[in-house]
>>> print(open('start35.txt').read())   # compact mmCIF, N, CA and C atoms
# COMPACT_ATOMS: atom_id res chain seq x y z
N MET A 102 -27.42 -0.38 10.71
CA MET A 102 -26.02 -0.77 10.71
C MET A 102 -25.42 -0.43 9.34
N THR A 103 -24.19 0.02 9.33
CA THR A 103 -23.51 0.40 8.10
C THR A 103 -23.08 -0.83 7.31
N GLU A 104 -23.32 -0.77 6.02
CA GLU A 104 -22.92 -1.87 5.14
C GLU A 104 -21.42 -1.86 4.90
N LYS A 105 -20.87 -3.02 4.70
CA LYS A 105 -19.47 -3.18 4.32
C LYS A 105 -19.41 -3.09 2.80
N THR A 106 -18.49 -2.27 2.27
CA THR A 106 -18.39 -2.05 0.84
C THR A 106 -16.98 -2.35 0.35
N ALA A 107 -16.88 -3.18 -0.67
CA ALA A 107 -15.58 -3.48 -1.28
C ALA A 107 -15.11 -2.27 -2.08
N VAL A 108 -13.81 -2.03 -2.04
CA VAL A 108 -13.21 -0.91 -2.77
C VAL A 108 -12.14 -1.47 -3.70
N THR A 109 -12.34 -1.30 -5.00
CA THR A 109 -11.35 -1.75 -5.98
C THR A 109 -11.20 -0.68 -7.05
N PRO A 110 -10.07 0.01 -7.06
CA PRO A 110 -9.85 1.01 -8.12
C PRO A 110 -9.82 0.34 -9.49
N PRO A 111 -10.31 1.01 -10.51
CA PRO A 111 -10.39 0.41 -11.85
C PRO A 111 -9.04 -0.02 -12.41
N ALA A 112 -7.96 0.62 -12.04
CA ALA A 112 -6.65 0.30 -12.60
C ALA A 112 -5.95 -0.85 -11.87
N HIS A 113 -6.59 -1.41 -10.85
CA HIS A 113 -5.97 -2.51 -10.10
C HIS A 113 -6.28 -3.85 -10.75
N THR A 114 -5.35 -4.77 -10.62
CA THR A 114 -5.57 -6.13 -11.11
C THR A 114 -6.59 -6.82 -10.22
N ALA A 115 -7.27 -7.80 -10.75
CA ALA A 115 -8.23 -8.57 -9.95
C ALA A 115 -7.45 -9.36 -8.90
N PRO A 116 -7.92 -9.38 -7.67
CA PRO A 116 -7.24 -10.16 -6.64
C PRO A 116 -7.18 -11.64 -7.02
N PRO A 117 -6.10 -12.33 -6.63
CA PRO A 117 -5.95 -13.74 -6.99
C PRO A 117 -6.80 -14.69 -6.15
N ALA A 118 -7.48 -14.16 -5.14
CA ALA A 118 -8.32 -14.98 -4.26
C ALA A 118 -9.53 -14.14 -3.85
N ALA A 119 -10.35 -14.67 -2.96
CA ALA A 119 -11.58 -13.98 -2.55
C ALA A 119 -11.28 -12.90 -1.51
N PHE A 120 -10.72 -11.78 -1.96
CA PHE A 120 -10.54 -10.62 -1.10
C PHE A 120 -10.66 -9.36 -1.92
N SER A 121 -10.84 -8.25 -1.24
CA SER A 121 -10.95 -6.94 -1.89
C SER A 121 -9.68 -6.16 -1.67
N HIS A 122 -9.40 -5.23 -2.56
CA HIS A 122 -8.23 -4.36 -2.38
C HIS A 122 -8.43 -3.45 -1.17
N GLY A 123 -9.67 -3.16 -0.87
CA GLY A 123 -10.01 -2.37 0.30
C GLY A 123 -11.43 -2.66 0.71
N VAL A 124 -11.72 -2.40 1.97
CA VAL A 124 -13.09 -2.56 2.48
C VAL A 124 -13.39 -1.37 3.36
N ARG A 125 -14.56 -0.76 3.10
CA ARG A 125 -14.99 0.38 3.92
C ARG A 125 -16.28 0.00 4.64
N LYS A 126 -16.32 0.34 5.92
CA LYS A 126 -17.52 0.19 6.72
C LYS A 126 -17.61 1.43 7.59
N GLY A 127 -18.67 2.21 7.36
CA GLY A 127 -18.78 3.48 8.08
C GLY A 127 -17.61 4.37 7.72
N ASN A 128 -16.93 4.87 8.74
CA ASN A 128 -15.80 5.76 8.48
C ASN A 128 -14.45 5.04 8.55
N ILE A 129 -14.47 3.71 8.52
CA ILE A 129 -13.23 2.92 8.57
C ILE A 129 -12.96 2.33 7.20
N LEU A 130 -11.73 2.47 6.74
CA LEU A 130 -11.30 1.90 5.47
C LEU A 130 -10.03 1.11 5.71
N GLN A 131 -10.08 -0.19 5.43
CA GLN A 131 -8.89 -1.04 5.52
C GLN A 131 -8.41 -1.30 4.10
N VAL A 132 -7.17 -0.93 3.83
CA VAL A 132 -6.55 -1.21 2.54
C VAL A 132 -5.79 -2.52 2.69
N ALA A 133 -6.13 -3.50 1.86
CA ALA A 133 -5.43 -4.78 1.88
C ALA A 133 -3.99 -4.60 1.43
N GLY A 134 -3.16 -5.57 1.73
CA GLY A 134 -1.76 -5.51 1.31
C GLY A 134 -1.64 -5.29 -0.19
N GLN A 135 -0.93 -4.24 -0.54
CA GLN A 135 -0.69 -3.91 -1.93
C GLN A 135 0.77 -4.18 -2.26
N VAL A 136 1.03 -4.52 -3.51
CA VAL A 136 2.39 -4.75 -3.97
C VAL A 136 2.66 -3.83 -5.16
N GLY A 137 3.85 -3.93 -5.71
CA GLY A 137 4.29 -3.01 -6.75
C GLY A 137 3.89 -3.36 -8.16
N PHE A 138 2.62 -3.75 -8.36
CA PHE A 138 2.15 -4.01 -9.72
C PHE A 138 1.78 -2.69 -10.39
N LEU A 139 2.14 -2.58 -11.66
CA LEU A 139 1.73 -1.44 -12.47
C LEU A 139 0.23 -1.52 -12.71
N PRO A 140 -0.40 -0.41 -13.12
CA PRO A 140 -1.84 -0.47 -13.44
C PRO A 140 -2.14 -1.61 -14.41
N ALA A 141 -3.29 -2.23 -14.20
CA ALA A 141 -3.69 -3.40 -14.97
C ALA A 141 -3.89 -3.06 -16.44
N VAL A 142 -3.52 -4.02 -17.30
CA VAL A 142 -3.77 -3.94 -18.73
C VAL A 142 -4.61 -5.16 -19.07
N GLY A 143 -5.78 -4.92 -19.62
CA GLY A 143 -6.71 -6.00 -19.92
C GLY A 143 -6.08 -7.15 -20.69
N GLY A 144 -6.33 -8.37 -20.23
CA GLY A 144 -5.84 -9.56 -20.91
C GLY A 144 -4.39 -9.90 -20.65
N GLN A 145 -3.70 -9.09 -19.82
CA GLN A 145 -2.29 -9.36 -19.52
C GLN A 145 -2.13 -9.64 -18.04
N PRO A 146 -1.16 -10.49 -17.70
CA PRO A 146 -0.93 -10.75 -16.28
C PRO A 146 -0.35 -9.51 -15.60
N PRO A 147 -0.44 -9.42 -14.28
CA PRO A 147 0.14 -8.28 -13.56
C PRO A 147 1.63 -8.14 -13.86
N THR A 148 2.09 -6.88 -13.95
CA THR A 148 3.49 -6.59 -14.22
C THR A 148 4.07 -5.83 -13.04
N VAL A 149 5.20 -6.30 -12.53
CA VAL A 149 5.89 -5.64 -11.43
C VAL A 149 6.54 -4.36 -11.95
N ALA A 150 6.50 -3.30 -11.15
CA ALA A 150 7.02 -1.98 -11.55
C ALA A 150 8.49 -2.02 -11.93
N GLY A 151 9.24 -2.92 -11.38
CA GLY A 151 10.66 -3.04 -11.69
C GLY A 151 11.32 -3.92 -10.66
N PRO A 152 12.58 -4.21 -10.86
CA PRO A 152 13.27 -5.13 -9.97
C PRO A 152 13.80 -4.51 -8.67
N THR A 153 13.82 -3.17 -8.61
CA THR A 153 14.44 -2.53 -7.43
C THR A 153 13.42 -2.25 -6.33
N LEU A 154 13.93 -2.14 -5.12
CA LEU A 154 13.08 -1.80 -3.98
C LEU A 154 12.45 -0.43 -4.19
N ARG A 155 13.19 0.52 -4.71
CA ARG A 155 12.66 1.87 -4.95
C ARG A 155 11.47 1.83 -5.91
N GLU A 156 11.63 1.18 -7.04
CA GLU A 156 10.54 1.11 -8.03
C GLU A 156 9.30 0.45 -7.43
N GLN A 157 9.51 -0.66 -6.75
CA GLN A 157 8.37 -1.39 -6.19
C GLN A 157 7.72 -0.64 -5.04
N THR A 158 8.53 0.00 -4.18
CA THR A 158 7.95 0.73 -3.04
C THR A 158 7.14 1.91 -3.51
N LEU A 159 7.66 2.69 -4.44
CA LEU A 159 6.91 3.85 -4.93
C LEU A 159 5.61 3.43 -5.61
N GLN A 160 5.64 2.36 -6.40
CA GLN A 160 4.42 1.88 -7.04
C GLN A 160 3.45 1.33 -6.00
N THR A 161 3.97 0.64 -5.00
CA THR A 161 3.12 0.09 -3.94
C THR A 161 2.43 1.21 -3.18
N LEU A 162 3.16 2.26 -2.83
CA LEU A 162 2.55 3.40 -2.15
C LEU A 162 1.48 4.05 -3.02
N GLU A 163 1.72 4.14 -4.31
CA GLU A 163 0.71 4.70 -5.21
C GLU A 163 -0.51 3.79 -5.29
N ASN A 164 -0.29 2.48 -5.22
CA ASN A 164 -1.43 1.56 -5.24
C ASN A 164 -2.25 1.69 -3.96
N VAL A 165 -1.58 1.86 -2.82
CA VAL A 165 -2.30 2.10 -1.56
C VAL A 165 -3.09 3.40 -1.68
N ARG A 166 -2.44 4.45 -2.17
CA ARG A 166 -3.11 5.76 -2.34
C ARG A 166 -4.35 5.63 -3.22
N SER A 167 -4.24 4.85 -4.28
CA SER A 167 -5.36 4.66 -5.20
C SER A 167 -6.55 4.01 -4.49
N VAL A 168 -6.30 3.03 -3.65
CA VAL A 168 -7.38 2.39 -2.89
C VAL A 168 -7.97 3.38 -1.88
N LEU A 169 -7.09 4.12 -1.21
CA LEU A 169 -7.57 5.14 -0.27
C LEU A 169 -8.53 6.10 -0.97
N GLU A 170 -8.11 6.63 -2.11
CA GLU A 170 -8.93 7.60 -2.83
C GLU A 170 -10.24 6.98 -3.31
N ALA A 171 -10.19 5.74 -3.79
CA ALA A 171 -11.41 5.07 -4.24
C ALA A 171 -12.38 4.86 -3.09
N GLY A 172 -11.85 4.79 -1.86
CA GLY A 172 -12.69 4.62 -0.68
C GLY A 172 -13.05 5.93 0.00
N GLY A 173 -12.67 7.06 -0.61
CA GLY A 173 -13.02 8.37 -0.07
C GLY A 173 -12.05 8.89 0.97
N ALA A 174 -10.83 8.36 1.00
CA ALA A 174 -9.83 8.77 1.99
C ALA A 174 -8.58 9.31 1.31
N GLY A 175 -7.68 9.82 2.13
CA GLY A 175 -6.37 10.28 1.68
C GLY A 175 -5.34 9.91 2.72
N TRP A 176 -4.09 10.24 2.45
CA TRP A 176 -3.01 9.89 3.38
C TRP A 176 -3.22 10.48 4.77
N ASP A 177 -3.82 11.67 4.87
CA ASP A 177 -4.03 12.26 6.20
C ASP A 177 -5.08 11.52 7.02
N ASP A 178 -5.85 10.64 6.40
CA ASP A 178 -6.83 9.82 7.11
C ASP A 178 -6.22 8.52 7.64
N VAL A 179 -5.01 8.21 7.20
CA VAL A 179 -4.38 6.94 7.57
C VAL A 179 -3.87 6.99 9.01
N MET A 180 -4.30 5.98 9.77
CA MET A 180 -3.88 5.86 11.16
C MET A 180 -2.68 4.93 11.31
N MET A 181 -2.62 3.89 10.46
CA MET A 181 -1.59 2.87 10.59
C MET A 181 -1.18 2.36 9.22
N ILE A 182 0.12 2.22 9.04
CA ILE A 182 0.69 1.61 7.83
C ILE A 182 1.55 0.45 8.28
N ARG A 183 1.40 -0.67 7.59
CA ARG A 183 2.26 -1.83 7.86
C ARG A 183 3.03 -2.15 6.58
N VAL A 184 4.34 -2.26 6.72
CA VAL A 184 5.23 -2.54 5.60
C VAL A 184 5.84 -3.92 5.83
N TYR A 185 5.80 -4.73 4.80
CA TYR A 185 6.38 -6.07 4.86
C TYR A 185 7.50 -6.14 3.82
N LEU A 186 8.70 -6.40 4.28
CA LEU A 186 9.86 -6.52 3.40
C LEU A 186 10.28 -7.99 3.32
N THR A 187 10.93 -8.36 2.23
CA THR A 187 11.40 -9.73 2.09
C THR A 187 12.87 -9.88 2.48
N ASP A 188 13.53 -8.77 2.82
CA ASP A 188 14.97 -8.82 3.10
C ASP A 188 15.31 -7.82 4.20
N THR A 189 15.92 -8.26 5.27
CA THR A 189 16.30 -7.35 6.36
C THR A 189 17.27 -6.28 5.88
N GLY A 190 18.01 -6.56 4.84
CA GLY A 190 18.94 -5.58 4.29
C GLY A 190 18.27 -4.39 3.63
N HIS A 191 16.96 -4.43 3.47
CA HIS A 191 16.22 -3.34 2.81
C HIS A 191 15.67 -2.30 3.78
N PHE A 192 15.82 -2.51 5.09
CA PHE A 192 15.23 -1.58 6.06
C PHE A 192 15.68 -0.13 5.85
N ALA A 193 16.97 0.12 5.76
CA ALA A 193 17.47 1.50 5.64
C ALA A 193 16.98 2.15 4.36
N GLU A 194 17.07 1.43 3.24
CA GLU A 194 16.62 1.99 1.97
C GLU A 194 15.12 2.25 1.99
N MET A 195 14.36 1.32 2.58
CA MET A 195 12.91 1.50 2.68
C MET A 195 12.58 2.76 3.47
N ASN A 196 13.25 2.95 4.60
CA ASN A 196 12.99 4.15 5.41
C ASN A 196 13.29 5.42 4.64
N GLU A 197 14.34 5.41 3.86
CA GLU A 197 14.70 6.57 3.05
C GLU A 197 13.62 6.87 2.00
N ILE A 198 13.18 5.85 1.30
CA ILE A 198 12.13 6.00 0.27
C ILE A 198 10.82 6.46 0.92
N TYR A 199 10.46 5.82 2.01
CA TYR A 199 9.23 6.11 2.75
C TYR A 199 9.22 7.57 3.23
N ASN A 200 10.32 7.99 3.87
CA ASN A 200 10.40 9.37 4.37
C ASN A 200 10.29 10.39 3.25
N ALA A 201 10.98 10.16 2.14
CA ALA A 201 10.93 11.10 1.01
C ALA A 201 9.52 11.14 0.40
N TYR A 202 8.89 9.99 0.26
CA TYR A 202 7.54 9.93 -0.31
C TYR A 202 6.57 10.74 0.55
N PHE A 203 6.59 10.51 1.85
CA PHE A 203 5.62 11.20 2.70
C PHE A 203 5.97 12.67 2.92
N GLU A 204 7.22 13.03 2.75
CA GLU A 204 7.57 14.46 2.77
C GLU A 204 6.91 15.15 1.57
N GLU A 205 6.91 14.49 0.42
CA GLU A 205 6.26 15.03 -0.78
C GLU A 205 4.75 15.13 -0.61
N GLN A 206 4.16 14.26 0.19
CA GLN A 206 2.71 14.27 0.40
C GLN A 206 2.27 15.37 1.36
N ALA A 207 3.22 16.00 2.03
CA ALA A 207 2.94 17.09 2.98
C ALA A 207 1.90 16.68 4.02
N LEU A 208 2.12 15.54 4.65
CA LEU A 208 1.20 15.06 5.68
C LEU A 208 1.16 16.02 6.86
N LYS A 209 -0.03 16.17 7.44
CA LYS A 209 -0.16 16.98 8.66
C LYS A 209 0.45 16.24 9.84
N GLN A 210 0.18 14.93 9.93
CA GLN A 210 0.73 14.08 10.99
C GLN A 210 1.10 12.73 10.35
N ALA A 211 2.24 12.22 10.70
CA ALA A 211 2.64 10.91 10.19
C ALA A 211 1.79 9.83 10.87
N PRO A 212 1.39 8.80 10.12
CA PRO A 212 0.64 7.71 10.75
C PRO A 212 1.57 6.82 11.58
N ALA A 213 0.98 6.01 12.42
CA ALA A 213 1.77 4.98 13.09
C ALA A 213 2.22 4.02 12.00
N ALA A 214 3.34 3.36 12.22
CA ALA A 214 3.86 2.46 11.19
C ALA A 214 4.58 1.28 11.84
N ARG A 215 4.61 0.20 11.09
CA ARG A 215 5.32 -1.00 11.52
C ARG A 215 5.94 -1.62 10.29
N THR A 216 7.19 -2.00 10.38
CA THR A 216 7.87 -2.69 9.30
C THR A 216 8.37 -4.03 9.83
N THR A 217 8.14 -5.06 9.06
CA THR A 217 8.57 -6.39 9.45
C THR A 217 9.08 -7.12 8.22
N VAL A 218 9.79 -8.20 8.43
CA VAL A 218 10.27 -9.02 7.32
C VAL A 218 9.33 -10.19 7.15
N TYR A 219 8.93 -10.40 5.92
CA TYR A 219 8.01 -11.47 5.57
C TYR A 219 8.56 -12.13 4.31
N VAL A 220 8.80 -13.40 4.35
CA VAL A 220 9.43 -14.06 3.20
C VAL A 220 8.45 -14.77 2.28
N GLY A 221 7.15 -14.59 2.50
CA GLY A 221 6.15 -15.32 1.73
C GLY A 221 5.62 -14.62 0.49
N LEU A 222 6.19 -13.51 0.08
CA LEU A 222 5.69 -12.84 -1.13
C LEU A 222 6.07 -13.64 -2.37
N PRO A 223 5.27 -13.53 -3.44
CA PRO A 223 5.61 -14.23 -4.68
C PRO A 223 6.99 -13.79 -5.21
N ALA A 224 7.62 -14.66 -5.95
CA ALA A 224 8.96 -14.41 -6.49
C ALA A 224 9.02 -13.06 -7.20
N GLY A 225 10.07 -12.31 -6.92
CA GLY A 225 10.28 -11.02 -7.57
C GLY A 225 9.70 -9.84 -6.83
N LEU A 226 8.78 -10.07 -5.89
CA LEU A 226 8.19 -8.98 -5.12
C LEU A 226 9.00 -8.76 -3.85
N LEU A 227 9.31 -7.50 -3.57
CA LEU A 227 10.18 -7.15 -2.45
C LEU A 227 9.47 -6.49 -1.29
N VAL A 228 8.26 -5.95 -1.53
CA VAL A 228 7.58 -5.17 -0.50
C VAL A 228 6.06 -5.30 -0.66
N GLU A 229 5.38 -5.26 0.47
CA GLU A 229 3.92 -5.21 0.51
C GLU A 229 3.55 -4.20 1.58
N ILE A 230 2.51 -3.42 1.33
CA ILE A 230 2.09 -2.38 2.29
C ILE A 230 0.58 -2.40 2.42
N ASP A 231 0.09 -2.34 3.68
CA ASP A 231 -1.34 -2.16 3.90
C ASP A 231 -1.55 -0.93 4.77
N ALA A 232 -2.79 -0.47 4.88
CA ALA A 232 -3.07 0.74 5.64
C ALA A 232 -4.49 0.69 6.22
N LEU A 233 -4.64 1.35 7.34
CA LEU A 233 -5.94 1.51 7.99
C LEU A 233 -6.24 3.00 8.08
N ALA A 234 -7.38 3.41 7.53
CA ALA A 234 -7.75 4.82 7.55
C ALA A 234 -9.08 5.00 8.28
N VAL A 235 -9.21 6.14 8.94
CA VAL A 235 -10.46 6.54 9.59
C VAL A 235 -10.83 7.89 9.01
N LEU A 236 -11.99 7.95 8.36
CA LEU A 236 -12.43 9.17 7.69
C LEU A 236 -13.24 10.05 8.63
N GLY A 237 -13.14 11.35 8.39
CA GLY A 237 -13.95 12.30 9.14
C GLY A 237 -13.51 12.42 10.52
>>> encode(input="start35.txt", output="structure tokens")
Amino acid sequence: MTEKTAVTPPAHTAPPAAFSHGVRKGNILQVAGQVGFLPAVGGQPPTVAGPTLREQTLQTLENVRSVLEAGGAGWDDVMMIRVYLTDTGHFAEMNEIYNAYFEEQALKQAPAARTTVYVGLPAGLLVEIDALAVLG
């Protein structure tokens, strides 16, 4: 049986609870919900990329990408992306940012996606994104 392996890129902050940034088992990689924190700086608390949806979304996507790469995957391996917004008014802007980002990534096929509103993120955070990838 294939072992389950935690995936944590070195530049990520330590999770605030008992979870991993990603978990790989066999050819499946689940990326936990990522937010728009800048790369970790030792001895300092996590820093949000900025106050805007654009800044946070782009950093969040980069954080997801970082976990994918640490787990041996890339965007073309992603089967499903889930986006959680804190404000229904952000849907149009999120779609615009998302479409431009993935156009730059030159994906062969877009993954399935779901966007929902979730109001439970810590103060100041506007977006959270998770992903499921299947390698090979």
>>> residues_around(input="start35.txt", residues="Gly221 in chain A", least_positions_apart="3", cutoff="8 Å", atoms="all atoms listed in the file", output="list in words")
Leu186, Thr187, Val218 and Ala224 of chain A
>>> atom_distance(input="start35.txt", atom1="atom N of Tyr202 in chain A", atom2="CA of Asp177 in chain A")
14.4 Å
>>> residues_around(input="start35.txt", residues="Gln135 in chain A", least_positions_apart="5", cutoff="8 Å", atoms="all atoms listed in the file", output="list in words")
His122, Gln160, Thr161, Leu162, Asn164, Val165, Val228, Glu229, Ile230, Asp231 and Ala232 of chain A
>>> select_by_dssp(input="start35.txt", residues="chain A", states="strand (DSSP E)", output="MDAnalysis selection string")
chainID A and resid 105:108 123:126 129:135 179:186 213:218 228:235
>>> atom_distance(input="start35.txt", atom1="CA of Met180 in chain A", atom2="CA of Gln157 in chain A")
22.4 Å
>>> atom_distance(input="start35.txt", atom1="atom C of Glu163 in chain A", atom2="atom N of Gly144 in chain A")
20.1 Å
>>> residues_around(input="start35.txt", residues="Ile182 in chain A", least_positions_apart="6", cutoff="6 Å", atoms="only N, CA and C atoms", output="mmCIF file with N, CA and C atoms, keeping the file's coordinate frame")
data_model
loop_
_atom_site.group_PDB
_atom_site.id
_atom_site.type_symbol
_atom_site.label_atom_id
_atom_site.label_comp_id
_atom_site.auth_asym_id
_atom_site.auth_seq_id
_atom_site.Cartn_x
_atom_site.Cartn_y
_atom_site.Cartn_z
ATOM 1 N N PRO A 212 1.390 8.800 10.120
ATOM 2 C CA PRO A 212 0.640 7.710 10.750
ATOM 3 C C PRO A 212 1.570 6.820 11.580
ATOM 4 N N ALA A 213 0.980 6.010 12.420
ATOM 5 C CA ALA A 213 1.770 4.980 13.090
ATOM 6 C C ALA A 213 2.220 4.020 12.000
ATOM 7 N N ALA A 214 3.340 3.360 12.220
ATOM 8 C CA ALA A 214 3.860 2.460 11.190
ATOM 9 C C ALA A 214 4.580 1.280 11.840
ATOM 10 N N ARG A 215 4.610 0.200 11.090
ATOM 11 C CA ARG A 215 5.320 -1.000 11.520
ATOM 12 C C ARG A 215 5.940 -1.620 10.290
ATOM 13 N N ASP A 231 0.090 -2.340 3.680
ATOM 14 C CA ASP A 231 -1.340 -2.160 3.900
ATOM 15 C C ASP A 231 -1.550 -0.930 4.770
ATOM 16 N N ALA A 232 -2.790 -0.470 4.880
ATOM 17 C CA ALA A 232 -3.070 0.740 5.640
ATOM 18 C C ALA A 232 -4.490 0.690 6.220
ATOM 19 N N LEU A 233 -4.640 1.350 7.340
ATOM 20 C CA LEU A 233 -5.940 1.510 7.990
ATOM 21 C C LEU A 233 -6.240 3.000 8.080
#
>>> closest_residue(input="start35.txt", among="A:Ala141, A:Met181, A:Met195, A:Ile129", to="Gln210 in chain A", atoms="only C-alpha atoms")
A:Met181
>>> closest_residue(input="start35.txt", among="A:Thr216, A:Asn200, A:Ser167, A:Thr153", to="Val184 in chain A", atoms="all atoms listed in the file")
A:Thr216
>>> closest_residue(input="start35.txt", among="A:Ala171, A:Asn128, A:Gly225, A:Val136", to="Gly237 in chain A", atoms="only N, CA and C atoms")
A:Asn128
>>> closest_residue(input="start35.txt", among="A:Pro146, A:Pro116, A:Arg183, A:Val124", to="Glu104 in chain A", atoms="only C-alpha atoms")
A:Val124
>>> residues_near_point(input="start35.txt", point="(-9.5, -2.3, -4.6)", cutoff="6 Å", atoms="only C-alpha atoms", output="PyMOL selection string")
chain A and resi 108-110+121-123+168
>>> residues_around(input="start35.txt", residues="Asp188 in chain A", least_positions_apart="2", cutoff="6.5 Å", atoms="only N, CA and C atoms", output="number ranges by chain")
A: 186, 190-192, 218-219, 227
>>> write_last_selection(input="start35.txt", atoms="N, CA and C atoms", output="short mmCIF file (atom, residue, chain, number, x, y, z; two decimals), in the coordinates of the input")
data_model
loop_
_atom_site.label_atom_id
_atom_site.label_comp_id
_atom_site.auth_asym_id
_atom_site.auth_seq_id
_atom_site.Cartn_x
_atom_site.Cartn_y
_atom_site.Cartn_z
N LEU A 186 8.70 -6.40 4.28
CA LEU A 186 9.86 -6.52 3.40
C LEU A 186 10.28 -7.99 3.32
N GLY A 190 18.01 -6.56 4.84
CA GLY A 190 18.94 -5.58 4.29
C GLY A 190 18.27 -4.39 3.63
N HIS A 191 16.96 -4.43 3.47
CA HIS A 191 16.22 -3.34 2.81
C HIS A 191 15.67 -2.30 3.78
N PHE A 192 15.82 -2.51 5.09
CA PHE A 192 15.23 -1.58 6.06
C PHE A 192 15.68 -0.13 5.85
N VAL A 218 9.79 -8.20 8.43
CA VAL A 218 10.27 -9.02 7.32
C VAL A 218 9.33 -10.19 7.15
N TYR A 219 8.93 -10.40 5.92
CA TYR A 219 8.01 -11.47 5.57
C TYR A 219 8.56 -12.13 4.31
N LEU A 227 9.31 -7.50 -3.57
CA LEU A 227 10.18 -7.15 -2.45
C LEU A 227 9.47 -6.49 -1.29
#
>>> closest_residue(input="start35.txt", among="A:Pro111, A:Leu139, A:Val179, A:Ala150", to="Ala211 in chain A", atoms="all atoms listed in the file")
A:Val179
>>> select_by_dssp(input="start35.txt", residues="range 127-180 of chain A", states="alpha helix (DSSP H)", output="list in words")
Leu154, Arg155, Glu156, Gln157, Thr158, Leu159, Gln160, Thr161, Leu162, Glu163, Asn164, Val165, Arg166, Ser167, Val168, Leu169, Glu170 and Ala171 of chain A
>>> closest_residue(input="start35.txt", among="A:Glu204, A:Ala119, A:Val132, A:Val149", to="Ala174 in chain A", atoms="only C-alpha atoms")
A:Val132
>>> axis_aligned_box(input="start35.txt", around="range 157-175 of chain A", padding_each_side="8 Å", output="lines of an AutoDock Vina configuration file")
center_x = -1.8
center_y = 4.4
center_z = -2.2
size_x = 38.6
size_y = 27.7
size_z = 25.8
>>> residues_around(input="start35.txt", residues="Arg125 in chain A", least_positions_apart="5", cutoff="5 Å", atoms="all atoms listed in the file", output="count of residues only")
3
>>> build_atoms(input="start35.txt", residues="range 123-135 of chain A", atoms="N, CA, C and O atoms", output="PDB file, keeping the file's coordinate frame")
ATOM      1  N   GLY A 123      -9.670  -3.160  -0.870  1.00  0.00           N
ATOM      2  CA  GLY A 123     -10.010  -2.370   0.300  1.00  0.00           C
ATOM      3  C   GLY A 123     -11.430  -2.660   0.710  1.00  0.00           C
ATOM      4  O   GLY A 123     -12.236  -3.139  -0.097  1.00  0.00           O
ATOM      5  N   VAL A 124     -11.720  -2.400   1.970  1.00  0.00           N
ATOM      6  CA  VAL A 124     -13.090  -2.560   2.480  1.00  0.00           C
ATOM      7  C   VAL A 124     -13.390  -1.370   3.360  1.00  0.00           C
ATOM      8  O   VAL A 124     -12.597  -1.011   4.244  1.00  0.00           O
ATOM      9  N   ARG A 125     -14.560  -0.760   3.100  1.00  0.00           N
ATOM     10  CA  ARG A 125     -14.990   0.380   3.920  1.00  0.00           C
ATOM     11  C   ARG A 125     -16.280   0.000   4.640  1.00  0.00           C
ATOM     12  O   ARG A 125     -17.189  -0.583   4.059  1.00  0.00           O
ATOM     13  N   LYS A 126     -16.320   0.340   5.920  1.00  0.00           N
ATOM     14  CA  LYS A 126     -17.520   0.190   6.720  1.00  0.00           C
ATOM     15  C   LYS A 126     -17.610   1.430   7.590  1.00  0.00           C
ATOM     16  O   LYS A 126     -16.730   1.678   8.413  1.00  0.00           O
ATOM     17  N   GLY A 127     -18.670   2.210   7.360  1.00  0.00           N
ATOM     18  CA  GLY A 127     -18.780   3.480   8.080  1.00  0.00           C
ATOM     19  C   GLY A 127     -17.610   4.370   7.720  1.00  0.00           C
ATOM     20  O   GLY A 127     -17.304   4.573   6.553  1.00  0.00           O
ATOM     21  N   ASN A 128     -16.930   4.870   8.740  1.00  0.00           N
ATOM     22  CA  ASN A 128     -15.800   5.760   8.480  1.00  0.00           C
ATOM     23  C   ASN A 128     -14.450   5.040   8.550  1.00  0.00           C
ATOM     24  O   ASN A 128     -13.409   5.670   8.623  1.00  0.00           O
ATOM     25  N   ILE A 129     -14.470   3.710   8.520  1.00  0.00           N
ATOM     26  CA  ILE A 129     -13.230   2.920   8.570  1.00  0.00           C
ATOM     27  C   ILE A 129     -12.960   2.330   7.200  1.00  0.00           C
ATOM     28  O   ILE A 129     -13.852   1.744   6.575  1.00  0.00           O
ATOM     29  N   LEU A 130     -11.730   2.470   6.740  1.00  0.00           N
ATOM     30  CA  LEU A 130     -11.300   1.900   5.470  1.00  0.00           C
ATOM     31  C   LEU A 130     -10.030   1.110   5.710  1.00  0.00           C
ATOM     32  O   LEU A 130      -9.022   1.668   6.152  1.00  0.00           O
ATOM     33  N   GLN A 131     -10.080  -0.190   5.430  1.00  0.00           N
ATOM     34  CA  GLN A 131      -8.890  -1.040   5.520  1.00  0.00           C
ATOM     35  C   GLN A 131      -8.410  -1.300   4.100  1.00  0.00           C
ATOM     36  O   GLN A 131      -9.166  -1.826   3.274  1.00  0.00           O
ATOM     37  N   VAL A 132      -7.170  -0.930   3.830  1.00  0.00           N
ATOM     38  CA  VAL A 132      -6.550  -1.210   2.540  1.00  0.00           C
ATOM     39  C   VAL A 132      -5.790  -2.520   2.690  1.00  0.00           C
ATOM     40  O   VAL A 132      -4.931  -2.647   3.566  1.00  0.00           O
ATOM     41  N   ALA A 133      -6.130  -3.500   1.860  1.00  0.00           N
ATOM     42  CA  ALA A 133      -5.430  -4.780   1.880  1.00  0.00           C
ATOM     43  C   ALA A 133      -3.990  -4.600   1.430  1.00  0.00           C
ATOM     44  O   ALA A 133      -3.643  -3.589   0.803  1.00  0.00           O
ATOM     45  N   GLY A 134      -3.160  -5.570   1.730  1.00  0.00           N
ATOM     46  CA  GLY A 134      -1.760  -5.510   1.310  1.00  0.00           C
ATOM     47  C   GLY A 134      -1.640  -5.290  -0.190  1.00  0.00           C
ATOM     48  O   GLY A 134      -2.213  -6.040  -0.977  1.00  0.00           O
ATOM     49  N   GLN A 135      -0.930  -4.240  -0.540  1.00  0.00           N
ATOM     50  CA  GLN A 135      -0.690  -3.910  -1.930  1.00  0.00           C
ATOM     51  C   GLN A 135       0.770  -4.180  -2.260  1.00  0.00           C
ATOM     52  O   GLN A 135       1.641  -4.076  -1.394  1.00  0.00           O
TER      53      GLN A 135
END
